[in-house]
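A.B. asks: Before we start, here is the structure in question, set down as structure tokens.
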Amino acid sequence: MYDIIIVGAGPAGLTSALYALRANKKVLVLEAKSYGGQILNAHKVENYPAIDSITGFDFATNLYNQVKKLGLEIKYETVLHVETDKTVTTNKGEYHAKAVIIATGAQNRKLNIPEEQEFLGKGVSYCAACDGNFYKNKVVAVNGGGNTALEDALYLSNIASKVYLIHRREEFRGEEVYTKELRQKENVEMILNSNIVALKGKDQLESITVENQNQERQEIKVDGLFIAIGQDPKNTIFANVVDINEKGYIESPDGVHTKVDGIYVAGDTRVKELRQLTTAVSDGSIAATMAIKEMKNEA
Ligand code: NAP
């Protein structure tokens, strides 16, 4: 029997674990892939208070090591089901706790064009920090208009010979500090009001077809395509214990509680205004603190 089971080992989940372990609680973290979550893909984090600049990988590893020192128990298993009595079923077993914190983040959104899967790892990537180095002096495209796409385009402009930044609207969703810098880059070309509609190649991606708002198409030769069009949460497995909005995010009246006592939510997977590292760790600390406090009240 655990005090708290935390589902997800991204910044929100690991911060929950940090707070719970420091309160001497028996904690289990369940993670389907690897610790760190999406921040692992960030080349640089420069908006976390008191840290000038750090790679996403270092941030995640520092946090993981910090929690590990406190005796973190982490199992790499896929959660399949959570019951109102806080029984958590995974692909490998069943665990019981007094409280559960759901901190599952969100997954990369797909373009949903037929060839996307075919060229995955053969030119198509969702992570410039991981795969960017394969494109030294090559031609790449980045798709998206948020901070991730803008950061990816900047990062790749220092590696690739040419970067096409393709976005479906005229205005970018990401911060101006990035767009300003991108506009000064000679090897970055922005293609706006346009969507990618097809990918072509033999064994490897060779070109993308881009369609503008007048349905005019152009084929662009590229070696790589980095898709950075946001994330989608995967919360349907929790539908019996939480309310989920039309976009798949978990509803919470105050940002941490769900409709079931003792089941909490933290981080990107919940409905919120701002999905950032700062807000993820904030959620994680509040969710763990509430879980501990309400556990005490029950006793
Ligand atoms: P995002 O902010 O949700 O942006 C997604 C972008 O992709 C939007 O420009 C969107 O277009 C576009 N898009 C969505 N679906 C599309 C589709 N099917 N086809 C083509 N384009 C599509 O996602 P994100 O950039 O990954 O960022 C996620 C969160 O992390 C944000 O809050 C962001 O600020 C934060 N973040 C912060 C940093 C940092 O501060 N250093 C770095 C990375 C990410 P529309 O604009 O037309 O909707």
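Ligands are numbered from 1 in the order shown, chains are lettered A, B, ... in the order of the structure tokens, and residues start at 1 in each chain.
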Hey, what's within 12 Å of A:His81 if we count only C-alpha atoms and toss same-chain stuff fewer than 5 positions away? As a ChimeraX atom specification, please?

C.D. replies: /A:7,86-96,100,102,235-242

A.B. asks: Please, which residues have at least one atom within 8 Å of an atom of ligand 1, using only C-alpha atoms and all ligand atoms, listed as a VMD selection string?

C.D. replies: chain A and resid 42 44 to 47 108 to 112 143 to 151 167 to 169 171 to 175 195 to 196 228 to 231 274 to 277

A.B. asks: Nearest to A:Gly37 among A:Gly13, A:Pro49, A:Gly284, A:Gly201, with distances taken over only C-alpha atoms: which residue is it?

C.D. replies: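 Smallest separation from A:Gly37 among the options: A:Gly13.
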
A.B. asks: From the set A:Lys69, A:Val79, A:Ala160, A:Gly56, which residue has the shortest atom-to-atom contact distance to A:Glu31, counting only C-alpha atoms?

C.D. replies: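 Going through A:Lys69, A:Val79, A:Ala160, A:Gly56 one by one, the smallest distance to A:Glu31 is for A:Val79.
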
A.B. asks: Figure out the distance between atom CA of A:Leu120 and atom CA of A:Met190, please, to one decimal in Å.

C.D. replies: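 Computing the Euclidean distance for atom CA of A:Met190 and atom CA of A:Leu120 yields 23.3 Å.
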
A.B. asks: Could you pull out the strand (DSSP E) residues of stretch 20-116 of chain A, going by DSSP on the backbone, and write them as a VMD selection string?

C.D. replies: chain A and resid 27 to 30 73 to 75 79 to 82 87 to 90 94 to 102 107 to 108

A.B. asks: May I ask for the distance between atom CA of A:Asp3 and atom CA of A:Thr78, given in Å to one decimal place?

C.D. replies: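 So the two atoms, atom CA of A:Asp3 and atom CA of A:Thr78, lie 19.6 Å apart.
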
A.B. asks: Of the residues A:Met1, A:Ile74, A:Cys130, A:Ile208, which is the one nearest to A:Leu40, using only C-alpha atoms?

C.D. replies: A:Cys130
